[in-house]
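**Q** Input coords-v4.pdb, format and content: PDB, C-alpha atoms and all ligand atoms.
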ATOM      1  CA  MET A 853      21.395   5.123  21.659
ATOM      2  CA  SER A 854      19.933   7.078  24.549
ATOM      3  CA  LYS A 855      17.914   5.139  27.070
ATOM      4  CA  GLU A 856      15.173   6.020  29.513
ATOM      5  CA  LEU A 857      16.275   6.315  33.145
ATOM      6  CA  VAL A 858      14.059   4.928  35.877
ATOM      7  CA  VAL A 859      12.735   7.534  38.300
ATOM      8  CA  ASP A 860      12.230   6.219  41.835
ATOM      9  CA  PRO A 861       8.673   7.017  43.012
ATOM     10  CA  ASN A 862       9.922   7.320  46.588
ATOM     11  CA  GLU A 863      12.220  10.211  45.749
ATOM     12  CA  LEU A 864      11.318  13.864  45.302
ATOM     13  CA  ILE A 865      13.459  15.573  42.673
ATOM     14  CA  VAL A 866      13.882  19.225  43.601
ATOM     15  CA  SER A 867      15.430  22.261  42.014
ATOM     16  CA  MET A 868      15.038  26.004  42.386
ATOM     17  CA  THR A 869      15.792  28.913  40.088
ATOM     18  CA  ASP A 870      15.886  32.692  40.191
ATOM     19  CA  THR A 871      13.372  34.628  38.081
ATOM     20  CA  LYS A 872      15.638  34.301  35.030
ATOM     21  CA  GLY A 873      15.765  30.510  35.226
ATOM     22  CA  LYS A 874      19.276  30.157  36.688
ATOM     23  CA  ILE A 875      19.609  27.206  39.041
ATOM     24  CA  THR A 876      19.955  28.253  42.696
ATOM     25  CA  TYR A 877      19.385  24.861  44.302
ATOM     26  CA  ALA A 878      19.312  21.199  43.274
ATOM     27  CA  ASN A 879      18.984  18.208  45.590
ATOM     28  CA  ASP A 880      21.117  15.071  45.393
ATOM     29  CA  ILE A 881      18.659  12.969  43.413
ATOM     30  CA  PHE A 882      18.275  15.771  40.855
ATOM     31  CA  CYS A 883      22.048  15.741  40.324
ATOM     32  CA  THR A 884      22.228  11.927  40.242
ATOM     33  CA  LEU A 885      19.524  11.651  37.591
ATOM     34  CA  ALA A 886      20.810  14.524  35.476
ATOM     35  CA  GLY A 887      24.363  13.197  35.800
ATOM     36  CA  TYR A 888      25.885  16.513  36.857
ATOM     37  CA  LYS A 889      27.898  17.411  39.940
ATOM     38  CA  LYS A 890      26.214  20.102  41.993
ATOM     39  CA  GLU A 891      28.963  22.635  41.264
ATOM     40  CA  GLU A 892      28.552  22.001  37.529
ATOM     41  CA  ILE A 893      24.953  23.189  37.468
ATOM     42  CA  MET A 894      24.748  25.890  40.154
ATOM     43  CA  GLY A 895      24.083  29.239  38.484
ATOM     44  CA  LYS A 896      23.547  27.598  35.083
ATOM     45  CA  PRO A 897      20.319  28.139  33.091
ATOM     46  CA  HIS A 898      17.802  25.379  33.794
ATOM     47  CA  ASN A 899      17.621  24.542  30.107
ATOM     48  CA  ILE A 900      20.901  22.654  30.691
ATOM     49  CA  ILE A 901      18.712  19.531  30.976
ATOM     50  CA  ARG A 902      16.206  20.561  28.285
ATOM     51  CA  HIS A 903      15.147  17.806  25.930
ATOM     52  CA  PRO A 904      14.210  18.809  22.347
ATOM     53  CA  ASP A 905      11.044  16.655  22.487
ATOM     54  CA  ILE A 906       9.360  19.147  24.821
ATOM     55  CA  PRO A 907       7.492  21.862  22.918
ATOM     56  CA  ARG A 908       8.305  25.487  23.658
ATOM     57  CA  ALA A 909       4.614  26.019  24.450
ATOM     58  CA  VAL A 910       4.944  24.007  27.678
ATOM     59  CA  PHE A 911       7.724  26.248  29.018
ATOM     60  CA  LYS A 912       5.849  29.335  27.887
ATOM     61  CA  LEU A 913       2.830  28.221  29.934
ATOM     62  CA  LEU A 914       5.111  27.411  32.872
ATOM     63  CA  TRP A 915       6.912  30.769  32.894
ATOM     64  CA  ASP A 916       3.736  32.814  32.313
ATOM     65  CA  ARG A 917       2.097  31.134  35.286
ATOM     66  CA  VAL A 918       4.911  31.294  37.799
ATOM     67  CA  LEU A 919       5.955  34.868  37.003
ATOM     68  CA  ASN A 920       2.304  35.743  37.543
ATOM     69  CA  GLY A 921       2.507  34.241  41.041
ATOM     70  CA  GLU A 922       0.603  31.071  40.049
ATOM     71  CA  THR A 923       1.471  27.376  40.161
ATOM     72  CA  ILE A 924       1.526  24.808  37.363
ATOM     73  CA  TYR A 925       1.902  21.079  36.778
ATOM     74  CA  ALA A 926       3.752  19.970  33.658
ATOM     75  CA  PHE A 927       4.919  16.709  32.140
ATOM     76  CA  VAL A 928       8.564  17.098  31.215
ATOM     77  CA  LYS A 929      11.165  14.907  29.557
ATOM     78  CA  ASN A 930      14.654  15.863  30.702
ATOM     79  CA  GLN A 931      17.986  15.067  29.155
ATOM     80  CA  ALA A 932      20.833  13.895  31.363
ATOM     81  CA  LYS A 933      24.457  14.783  30.676
ATOM     82  CA  SER A 934      24.979  11.287  29.210
ATOM     83  CA  GLY A 935      22.218  11.873  26.614
ATOM     84  CA  ASP A 936      19.848   9.523  28.452
ATOM     85  CA  TYR A 937      16.467  10.891  29.418
ATOM     86  CA  TYR A 938      13.790  10.640  32.108
ATOM     87  CA  TRP A 939      10.152  11.688  32.335
ATOM     88  CA  VAL A 940       8.729  13.577  35.296
ATOM     89  CA  LYS A 941       5.612  15.369  36.361
ATOM     90  CA  ALA A 942       6.747  18.716  37.753
ATOM     91  CA  TYR A 943       4.889  20.884  40.231
ATOM     92  CA  VAL A 944       6.321  24.367  39.826
ATOM     93  CA  PHE A 945       5.513  27.229  42.171
ATOM     94  CA  PRO A 946       6.917  30.660  42.978
ATOM     95  CA  ILE A 947       8.129  31.855  46.369
ATOM     96  CA  MET A 948       6.703  35.330  46.821
ATOM     97  CA  GLU A 949       8.163  38.149  48.901
ATOM     98  CA  ASN A 950       6.252  41.441  49.258
ATOM     99  CA  GLY A 951       4.041  40.487  46.311
ATOM    100  CA  ARG A 952       7.036  39.763  44.056
ATOM    101  CA  VAL A 953       8.381  36.471  42.796
ATOM    102  CA  GLU A 954      11.730  35.839  44.479
ATOM    103  CA  GLU A 955      12.522  32.272  43.563
ATOM    104  CA  ILE A 956      10.821  29.385  41.813
ATOM    105  CA  VAL A 957      10.696  25.790  42.999
ATOM    106  CA  SER A 958      10.080  22.587  41.061
ATOM    107  CA  TYR A 959       9.131  19.290  42.710
ATOM    108  CA  ARG A 960       9.177  16.284  40.424
ATOM    109  CA  LYS A 961       7.817  12.740  40.566
ATOM    110  CA  PRO A 962       7.725   9.952  37.943
ATOM    111  CA  ILE A 963       4.747   9.760  35.560
ATOM    112  CA  ASN A 964       2.556   6.757  34.749
ATOM    113  CA  ASP A 965       2.870   4.825  31.470
ATOM    114  CA  TYR A 966      -0.514   5.902  30.199
ATOM    115  CA  ALA A 967       0.275   9.601  30.689
ATOM    116  CA  LYS A 968       3.585   9.087  28.923
ATOM    117  CA  LYS A 969       1.901   7.477  25.934
ATOM    118  CA  VAL A 970      -0.613  10.291  25.546
ATOM    119  CA  ILE A 971       1.796  13.118  26.233
ATOM    120  CA  VAL A 972       4.438  11.819  23.799
ATOM    121  CA  GLN A 973       1.911  12.019  20.956
ATOM    122  CA  ILE A 974       0.683  15.491  21.818
ATOM    123  CA  TYR A 975       4.169  16.891  22.361
ATOM    124  CA  ALA A 976       5.313  15.460  19.011
ATOM    125  CA  LEU A 977       2.365  17.209  17.355
ATOM    126  CA  LEU A 978       3.292  20.499  19.029
ATOM    127  CA  VAL A 979       7.023  20.245  18.294
ATOM    128  CA  ASP A 980       6.123  19.719  14.633
ATOM    129  CA  TYR A 981       3.678  22.636  14.708
ATOM    130  CA  GLU A 982       6.343  24.864  16.243
ATOM    131  CA  ARG A 983       8.606  24.352  13.220
ATOM    132  CA  SER A 984       6.419  26.803  11.313
ATOM    133  CA  HIS A 985       4.543  28.673  14.062
ATOM    134  CA  SER A 986       5.316  31.020  16.922
ATOM    135  CA  VAL A 987       5.268  29.892  20.536
ATOM    136  CA  ASP A 988       2.070  31.891  21.177
ATOM    137  CA  GLU A 989       0.378  30.144  18.248
ATOM    138  CA  SER A 990       1.541  26.838  19.673
ATOM    139  CA  VAL A 991       0.040  27.620  23.094
ATOM    140  CA  ALA A 992      -3.235  28.539  21.347
ATOM    141  CA  PHE A 993      -3.063  25.284  19.372
ATOM    142  CA  LEU A 994      -2.659  23.264  22.584
ATOM    143  CA  VAL A 995      -5.431  25.114  24.428
ATOM    144  CA  ASN A 996      -7.739  24.679  21.452
ATOM    145  CA  TYR A 997      -6.814  21.004  21.011
ATOM    146  CA  LEU A 998      -7.799  20.364  24.638
ATOM    147  CA  ALA A 999     -10.919  22.566  24.459
ATOM    148  CA  GLU A1000     -12.175  20.393  21.594
ATOM    149  CA  ARG A1001     -11.991  17.551  24.111
ATOM    150  CA  ASN A1002     -13.767  19.627  26.761
ATOM    151  CA  LEU A1003     -10.612  19.929  28.822
ATOM    152  CA  THR A1004      -8.615  22.815  30.210
ATOM    153  CA  TYR A1005      -4.848  22.357  30.510
ATOM    154  CA  ASP A1006      -5.148  21.728  34.263
ATOM    155  CA  GLN A1007      -7.974  19.196  33.845
ATOM    156  CA  PHE A1008      -5.959  17.396  31.191
ATOM    157  CA  ILE A1009      -2.933  17.053  33.489
ATOM    158  CA  GLU A1010      -5.184  15.944  36.328
ATOM    159  CA  ARG A1011      -6.784  13.211  34.232
ATOM    160  CA  LEU A1012      -3.472  11.902  33.008
ATOM    161  CA  SER A1013      -2.202  11.815  36.576
ATOM    162  CA  MET A1014      -4.820   9.389  37.840
ATOM    163  CA  ASP A1015      -3.273   6.339  39.421
ATOM    164  CA  LYS A1016      -5.624   3.923  37.720
ATOM    165  CA  GLN A1017      -5.402   3.215  34.018
ATOM    166  CA  VAL A1018      -7.208   6.114  32.391
ATOM    167  CA  THR A1019      -9.270   4.940  29.462
ATOM    168  CA  ASN A1020      -9.590   6.852  26.236
ATOM    169  CA  ALA A1021     -13.160   7.597  27.224
ATOM    170  CA  GLU A1022     -12.073   9.465  30.299
ATOM    171  CA  ALA A1023      -9.228  11.209  28.575
ATOM    172  CA  ILE A1024     -11.524  12.684  25.976
ATOM    173  CA  ASN A1025     -14.273  13.328  28.472
ATOM    174  CA  VAL A1026     -17.208  11.619  26.829
ATOM    175  CA  ASP A1027     -20.188  10.673  28.935
ATOM    176  CA  ARG A1028     -21.566   7.574  27.242
ATOM    177  CA  LYS A1029     -24.531   7.272  29.564
ATOM    178  CA  VAL A1030     -25.722  10.789  28.819
ATOM    179  CA  HIS A1031     -25.561  10.166  25.049
ATOM    180  CA  HIS A1032     -27.300   6.818  25.468
ATOM    181  CA  ASP A1033     -30.102   8.254  27.590
ATOM    182  CA  THR A1034     -30.516  11.299  25.357
ATOM    183  CA  HIS A1035     -31.223   8.967  22.427
ATOM    184  CA  LEU A1036     -33.876   7.164  24.473
ATOM    185  CA  ILE A1037     -35.520  10.421  25.536
ATOM    186  CA  VAL A1038     -35.550  11.928  22.034
ATOM    187  CA  LYS A1039     -36.937   8.677  20.637
ATOM    188  CA  SER A1040     -39.769   8.519  23.217
ATOM    189  CA  ASN A1041     -40.596  12.127  22.508
ATOM    190  CA  ILE A1042     -40.787  11.562  18.744
ATOM    191  CA  LEU A1043     -42.887   8.399  19.124
ATOM    192  CA  LYS A1044     -45.307  10.270  21.376
ATOM    193  CA  ARG A1045     -45.661  13.080  18.846
ATOM    194  CA  VAL A1046     -46.346  10.520  16.114
ATOM    195  CA  LYS A1047     -49.010   8.931  18.308
ATOM    196  CA  ASP A1048     -50.572  12.359  18.964
ATOM    197  CA  GLY A1049     -50.899  12.768  15.204
ATOM    198  CA  GLU A1050     -48.477  15.671  14.873
ATOM    199  CA  ALA A1051     -47.755  16.347  11.196
ATOM    200  CA  ALA A1052     -44.414  18.152  11.116
ATOM    201  CA  ILE A1053     -41.953  15.868  12.861
ATOM    202  CA  LYS A1054     -38.325  16.195  11.858
ATOM    203  CA  VAL A1055     -36.059  13.303  12.720
ATOM    204  CA  PRO A1056     -32.480  14.590  12.962
ATOM    205  CA  ASP A1057     -29.776  12.993  10.824
ATOM    206  CA  ALA A1058     -27.112  11.021  12.668
ATOM    207  CA  CYS A1059     -24.601  13.823  12.112
ATOM    208  CA  GLU A1060     -26.985  16.419  13.561
ATOM    209  CA  CYS A1061     -27.459  14.965  17.031
ATOM    210  CA  GLU A1062     -25.006  15.817  19.830
ATOM    211  CA  PHE A1063     -23.504  12.339  19.748
ATOM    212  CA  GLY A1064     -23.025  12.580  15.968
ATOM    213  CA  LYS A1065     -21.203  15.869  16.452
ATOM    214  CA  TRP A1066     -19.004  14.309  19.124
ATOM    215  CA  CYS A1067     -18.197  11.413  16.742
ATOM    216  CA  GLU A1068     -17.100  13.948  14.157
ATOM    217  CA  SER A1069     -14.964  15.846  16.675
ATOM    218  CA  VAL A1070     -12.967  12.733  17.659
ATOM    219  CA  ARG A1071     -12.394  11.378  14.173
ATOM    220  CA  HIS A1072      -8.610  11.889  14.480
ATOM    221  CA  GLU A1073      -8.312   9.902  17.734
ATOM    222  CA  SER A1074      -6.427   6.637  17.519
ATOM    223  CA  PHE A1075      -9.349   4.549  18.793
ATOM    224  CA  THR A1076     -11.394   5.447  15.674
ATOM    225  CA  LYS A1077      -9.159   3.176  13.590
ATOM    226  CA  CYS A1078     -10.760  -0.015  14.915
ATOM    227  CA  THR A1079     -13.689  -2.101  13.710
ATOM    228  CA  SER A1080     -15.710  -1.419  16.851
ATOM    229  CA  TRP A1081     -15.654   2.269  16.011
ATOM    230  CA  SER A1082     -16.892   1.626  12.418
ATOM    231  CA  ASN A1083     -19.624  -0.530  13.963
ATOM    232  CA  THR A1084     -20.519   2.303  16.341
ATOM    233  CA  LEU A1085     -20.948   4.747  13.468
ATOM    234  CA  ARG A1086     -22.899   2.193  11.403
ATOM    235  CA  ALA A1087     -25.283   1.362  14.279
ATOM    236  CA  HIS A1088     -25.808   5.072  14.915
ATOM    237  CA  GLU A1089     -26.634   5.741  11.229
ATOM    238  CA  GLN A1090     -28.971   2.740  11.194
ATOM    239  CA  TYR A1091     -30.739   3.901  14.325
ATOM    240  CA  HIS A1092     -31.493   7.332  12.857
ATOM    241  CA  ALA A1093     -32.562   5.764   9.542
ATOM    242  CA  ASN A1094     -34.888   3.320  11.341
ATOM    243  CA  LEU A1095     -36.448   6.093  13.402
ATOM    244  CA  ARG A1096     -36.974   8.169  10.257
ATOM    245  CA  GLU A1097     -38.559   5.182   8.486
ATOM    246  CA  TYR A1098     -40.833   4.560  11.454
ATOM    247  CA  VAL A1099     -42.051   8.175  11.499
ATOM    248  CA  SER A1100     -42.617   8.258   7.764
ATOM    249  CA  ARG A1101     -44.567   4.960   7.707
ATOM    250  CA  ALA A1102     -46.643   5.916  10.745
ATOM    251  CA  LYS A1103     -47.470   9.292   9.223
ATOM    252  CA  ASN A1104     -48.632   7.489   6.090
ATOM    253  CA  GLY A1105     -51.153   5.675   8.244
ATOM    254  CA  GLU A1106     -49.337   2.373   8.207
ATOM    255  CA  SER A1107     -49.681   0.045  11.193
ATOM    256  CA  GLY A1108     -48.968  -3.631  11.744
ATOM    257  CA  ASP A1109     -46.034  -5.947  12.253
ATOM    258  CA  ARG A1110     -43.422  -4.102  10.202
ATOM    259  CA  LEU A1111     -44.068  -0.887  12.123
ATOM    260  CA  ARG A1112     -44.102  -2.647  15.480
ATOM    261  CA  ALA A1113     -40.851  -4.407  14.662
ATOM    262  CA  LEU A1114     -39.259  -1.091  13.690
ATOM    263  CA  SER A1115     -40.404   0.533  16.914
ATOM    264  CA  ASN A1116     -39.298  -2.397  19.079
ATOM    265  CA  GLY A1117     -35.878  -2.500  17.443
ATOM    266  CA  LEU A1118     -35.066   1.127  18.221
ATOM    267  CA  ASP A1119     -34.059   0.603  21.862
ATOM    268  CA  GLU A1120     -31.915  -2.372  20.929
ATOM    269  CA  LYS A1121     -30.188  -0.299  18.272
ATOM    270  CA  ILE A1122     -29.410   2.411  20.837
ATOM    271  CA  ASP A1123     -27.900  -0.209  23.167
ATOM    272  CA  GLU A1124     -25.920  -1.595  20.251
ATOM    273  CA  ILE A1125     -24.378   1.817  19.452
ATOM    274  CA  PHE A1126     -23.052   2.238  22.960
ATOM    275  CA  GLU A1127     -21.889  -1.349  23.347
ATOM    276  CA  TYR A1128     -19.761  -0.926  20.225
ATOM    277  CA  LEU A1129     -18.547   2.431  21.522
ATOM    278  CA  GLU A1130     -17.548   0.928  24.843
ATOM    279  CA  ASP A1131     -15.602  -1.717  23.025
ATOM    280  CA  ALA A1132     -13.908   0.864  20.800
ATOM    281  CA  LEU A1133     -12.850   2.987  23.753
ATOM    282  CA  ASP A1134     -11.797   0.201  26.083
ATOM    283  CA  HIS A1135      -9.975  -2.176  23.811
ATOM    284  CA  CYS A1136      -8.420  -0.122  21.065
ATOM    285  CA  GLU A1137      -5.085   1.605  21.190
TER     286      GLU A1137
HETATM  287  C1  LIG A1201      11.828  26.066  38.863
HETATM  288  C2  LIG A1201      12.018  25.717  37.411
HETATM  289  C3  LIG A1201      12.343  24.448  37.047
HETATM  290  C4  LIG A1201      12.525  24.097  35.718
HETATM  291  N1  LIG A1201      12.846  22.815  35.405
HETATM  292  C5  LIG A1201      13.080  22.478  34.125
HETATM  293  C6  LIG A1201      13.447  21.171  33.791
HETATM  294  O1  LIG A1201      13.512  20.275  34.630
HETATM  295  N2  LIG A1201      13.701  20.894  32.483
HETATM  296  C7  LIG A1201      13.611  21.847  31.512
HETATM  297  O2  LIG A1201      13.887  21.539  30.344
HETATM  298  N3  LIG A1201      13.254  23.104  31.808
HETATM  299  C8  LIG A1201      12.974  23.446  33.088
HETATM  300  N4  LIG A1201      12.595  24.716  33.374
HETATM  301  C9  LIG A1201      12.359  25.661  32.272
HETATM  302  C10 LIG A1201      13.653  26.308  31.787
HETATM  303  O3  LIG A1201      13.917  27.425  32.568
HETATM  304  C11 LIG A1201      13.520  26.733  30.317
HETATM  305  O4  LIG A1201      12.424  27.608  30.180
HETATM  306  C12 LIG A1201      13.340  25.535  29.377
HETATM  307  O5  LIG A1201      14.325  24.569  29.582
HETATM  308  C13 LIG A1201      13.335  25.979  27.918
HETATM  309  O6  LIG A1201      14.534  26.559  27.611
HETATM  310  P1  LIG A1201      14.781  27.277  26.195
HETATM  311  O7  LIG A1201      13.684  28.282  26.045
HETATM  312  O8  LIG A1201      16.122  27.906  26.312
HETATM  313  O9  LIG A1201      14.706  26.211  25.167
HETATM  314  C14 LIG A1201      12.384  25.071  34.708
HETATM  315  C15 LIG A1201      12.044  26.383  35.075
HETATM  316  C16 LIG A1201      11.856  26.702  36.404
HETATM  317  C17 LIG A1201      11.456  28.091  36.767
END
Spit out the file's structure as structure tokens when you get a sec.
Ligand SMILES: Cc1cc2nc3c(=O)[nH]c(=O)nc-3n(C[C@H](O)[C@H](O)[C@H](O)COP(=O)(O)O)c2cc1C
**A**
Amino acid sequence: MSKELVVDPNELIVSMTDTKGKITYANDIFCTLAGYKKEEIMGKPHNIIRHPDIPRAVFKLLWDRVLNGETIYAFVKNQAKSGDYYWVKAYVFPIMENGRVEEIVSYRKPINDYAKKVIVQIYALLVDYERSHSVDESVAFLVNYLAERNLTYDQFIERLSMDKQVTNAEAINVDRKVHHDTHLIVKSNILKRVKDGEAAIKVPDACECEFGKWCESVRHESFTKCTSWSNTLRAHEQYHANLREYVSRAKNGESGDRLRALSNGLDEKIDEIFEYLEDALDHCE
């Protein structure tokens, strides 16, 4: 059974390669972790420590960037000679001479547990995808996967690198306050139009509002498996149904306690949606 090796946060793991990926330099801690003597790895391709759990797409992104004179951060699981493994966050950058890439350097540090948890899932998805797709398709899949969460690759890495525990909410970039306040604003606007006697007022369905669309876009996330998430969706549906009922009754000339109760309950329902959401995001795996 292979085991995970501990990476000391006080150490900087360094290696360098030529433009073909052959190792030209490795520091002591690199060799200690990988379990190779320096002379064993000098001149060898860097994939000597490649772990099969890392999708090809990650290395494609890495090589495209550095050969283009750019830098990149990547989360990488490496395999030591013994079969054990260790996770690092690598900062990879080219050394340029007369506008050409001469050598490439990688600095590595350990990664936090949260980043590991998230990255393991995404990499597993990509490795599986790569069984039947090309590496370019896999890169597109990753970019698209992150774009659906309003993240670029660099933003994604940055978020996962935060020292504090990153919540699901931050990782998927949802602004709860904006959605909450938008519901209040739309509601006030609709109630005003009802009061002004406007005839054609359309109350959007829950799935039509921006929050409803966001709910749909995250339906595969792990936090949607919990009761708080079902409660979020239910409260959101109820809110839209109550607003629709209010508009329809008011337009029919109804007034009185039932209508007032409906109107008064709308703000509470909005609060309820986002309390459940907070719970779903903060306490669910
Ligand atoms: C400076 C530098 C450092 C690299 N470090 C690693 C590394 O630590 N682990 C790794 O698997 N690949 C690393 N690579 C990428 C490898 O060169 C290679 O692309 C990768 O292992 C995939 O190999 P494969 O396409 O033969 O499967 C590094 C590349 C460069 C330029």
**Q** Mind telling me what the PyMOL selection byres (((not hetatm)) within 6 of (chain A and resi 1201)) catches here, as a list of chain:residue names?
**A**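 This file, filtered by the PyMOL selection byres (((not hetatm)) within 6 of (chain A and resi 1201)), leaves A:Met868, A:Thr869, A:Gly873, A:His898, A:Asn899, A:Ile901, A:Arg902, A:His903, A:Phe911, A:Asn930, A:Val944, A:Ile956, A:Val957, A:Ser958.
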**Q** Near A:Thr923, counting only C-alpha atoms, which residues have an atom at most 8 Å away, once you skip same-chain residues fewer than 4 positions from it, shown as a list in words?
**A**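 With the cut-off at 8 Å, the set is Arg917, Val918, Tyr943, Val944, Phe945 and Pro946 of chain A.
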**Q** Since I can't run it myself right now, could you work out what the PyMOL selection byres (((chain A and resi 1039) around 12) and not hetatm) selects here and report it as a compact mmCIF listing (two decimals) with C-alpha atoms, in the frame of the given file?
**A**
# COMPACT_ATOMS: atom_id res chain seq x y z
CA HIS A 1032 -27.30 6.82 25.47
CA ASP A 1033 -30.10 8.25 27.59
CA THR A 1034 -30.52 11.30 25.36
CA HIS A 1035 -31.22 8.97 22.43
CA LEU A 1036 -33.88 7.16 24.47
CA ILE A 1037 -35.52 10.42 25.54
CA VAL A 1038 -35.55 11.93 22.03
CA SER A 1040 -39.77 8.52 23.22
CA ASN A 1041 -40.60 12.13 22.51
CA ILE A 1042 -40.79 11.56 18.74
CA LEU A 1043 -42.89 8.40 19.12
CA LYS A 1044 -45.31 10.27 21.38
CA ARG A 1045 -45.66 13.08 18.85
CA VAL A 1046 -46.35 10.52 16.11
CA ILE A 1053 -41.95 15.87 12.86
CA LYS A 1054 -38.33 16.20 11.86
CA VAL A 1055 -36.06 13.30 12.72
CA PRO A 1056 -32.48 14.59 12.96
CA CYS A 1061 -27.46 14.96 17.03
CA TYR A 1091 -30.74 3.90 14.32
CA HIS A 1092 -31.49 7.33 12.86
CA ASN A 1094 -34.89 3.32 11.34
CA LEU A 1095 -36.45 6.09 13.40
CA ARG A 1096 -36.97 8.17 10.26
CA TYR A 1098 -40.83 4.56 11.45
CA VAL A 1099 -42.05 8.18 11.50
CA SER A 1115 -40.40 0.53 16.91
CA ASN A 1116 -39.30 -2.40 19.08
CA GLY A 1117 -35.88 -2.50 17.44
CA LEU A 1118 -35.07 1.13 18.22
CA ASP A 1119 -34.06 0.60 21.86
CA LYS A 1121 -30.19 -0.30 18.27
CA ILE A 1122 -29.41 2.41 20.84
**Q** Measure the distance from atom CA of A:Glu954 to atom CA of A:Tyr888 in Å and round it to one decimal.
**A**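 Calculated distance between atom CA of A:Glu954 and atom CA of A:Tyr888 is 25.1 Å.
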**Q** Given the point (-7.3, 23.3, 34.9) in the file's coordinates, find the residues that have an atom at most 12 Å from it, counting only C-alpha atoms, and give them as a PDB file with C-alpha atoms, in the coordinates of the input.
**A**
ATOM      1  CA  THR A 923       1.471  27.376  40.161  1.00  0.00           C
ATOM      2  CA  ILE A 924       1.526  24.808  37.363  1.00  0.00           C
ATOM      3  CA  TYR A 925       1.902  21.079  36.778  1.00  0.00           C
ATOM      4  CA  ALA A 926       3.752  19.970  33.658  1.00  0.00           C
ATOM      5  CA  VAL A 995      -5.431  25.114  24.428  1.00  0.00           C
ATOM      6  CA  LEU A 998      -7.799  20.364  24.638  1.00  0.00           C
ATOM      7  CA  ALA A 999     -10.919  22.566  24.459  1.00  0.00           C
ATOM      8  CA  ASN A1002     -13.767  19.627  26.761  1.00  0.00           C
ATOM      9  CA  LEU A1003     -10.612  19.929  28.822  1.00  0.00           C
ATOM     10  CA  THR A1004      -8.615  22.815  30.210  1.00  0.00           C
ATOM     11  CA  TYR A1005      -4.848  22.357  30.510  1.00  0.00           C
ATOM     12  CA  ASP A1006      -5.148  21.728  34.263  1.00  0.00           C
ATOM     13  CA  GLN A1007      -7.974  19.196  33.845  1.00  0.00           C
ATOM     14  CA  PHE A1008      -5.959  17.396  31.191  1.00  0.00           C
ATOM     15  CA  ILE A1009      -2.933  17.053  33.489  1.00  0.00           C
ATOM     16  CA  GLU A1010      -5.184  15.944  36.328  1.00  0.00           C
ATOM     17  CA  ARG A1011      -6.784  13.211  34.232  1.00  0.00           C
TER      18      ARG A1011
END
**Q** So how far away is atom CA of A:Ile865 from atom CA of A:Glu891, in Å?
**A** 17.1 Å
**Q** Work out how far atom CA of A:Val979 is from atom CA of A:Asp870, in Å to one decimal.
**A**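 About the pair atom CA of A:Asp870 and atom CA of A:Val979: they are 26.7 Å apart.
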**Q** List as a list in words the protein and nucleic acid residues near A:Val940, meaning an atom at most 10 Å away when all atoms listed in the file are counted, but skip any in the same chain fewer than 4 places from it.
**A**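 Selected residues are Val859, Ile865, Ala926, Phe927, Val928, Lys929, Asn930, Tyr959, Arg960, Lys961, Pro962, Ile963, Asn964 and Lys968 of chain A.
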**Q** For the structure provided, state which residues fall under the PyMOL selection byres (((chain A and resi 951) around 12) and not hetatm), and present them as a PDB file with C-alpha atoms, in the coordinates of the input.
**A**
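File produced: result_22.pdb:
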ATOM      1  CA  LEU A 919       5.955  34.868  37.003  1.00  0.00           C
ATOM      2  CA  ASN A 920       2.304  35.743  37.543  1.00  0.00           C
ATOM      3  CA  GLY A 921       2.507  34.241  41.041  1.00  0.00           C
ATOM      4  CA  GLU A 922       0.603  31.071  40.049  1.00  0.00           C
ATOM      5  CA  PRO A 946       6.917  30.660  42.978  1.00  0.00           C
ATOM      6  CA  ILE A 947       8.129  31.855  46.369  1.00  0.00           C
ATOM      7  CA  MET A 948       6.703  35.330  46.821  1.00  0.00           C
ATOM      8  CA  GLU A 949       8.163  38.149  48.901  1.00  0.00           C
ATOM      9  CA  ASN A 950       6.252  41.441  49.258  1.00  0.00           C
ATOM     10  CA  ARG A 952       7.036  39.763  44.056  1.00  0.00           C
ATOM     11  CA  VAL A 953       8.381  36.471  42.796  1.00  0.00           C
ATOM     12  CA  GLU A 954      11.730  35.839  44.479  1.00  0.00           C
TER      13      GLU A 954
END
**Q** Excluding same-chain residues fewer than 2 positions from A:Glu1000, what lies within 12 Å of it counting all atoms listed in the file, as a PyMOL selection string?
**A** chain A and resi 993-998+1002-1005+1008+1023-1026+1065-1073
**Q** Given all atoms listed in the file as the basis, pick out the residue of A:Glu955, A:Glu1130, A:Asp1109, A:Asp880 nearest to A:Lys1029.
**A**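 Looking only at the distances to A:Lys1029, the closest residue turns out to be A:Glu1130.
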**Q** Show me the residues close to (12.4, 20.2, 20.2) - anything with an atom within 10 Å, counting only C-alpha atoms - and format the list as JSON, numbers by chain.
**A** {"A": [902, 903, 904, 905, 906, 907, 908, 975, 976, 978, 979, 980, 982, 983]}
**Q** Counting all atoms listed in the file, figure out which residue out of A:Phe882, A:Ala909, A:Ser1082, A:Ile875 gets nearest to A:Pro897.
**A**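 Closest to A:Pro897, using all atoms listed in the file: A:Ile875.
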**Q** Using only C-alpha atoms, which residue out of A:Ala932, A:Arg1112, A:Lys872, A:Ala1058 lies closest to A:Ala1093?
**A** A:Ala1058
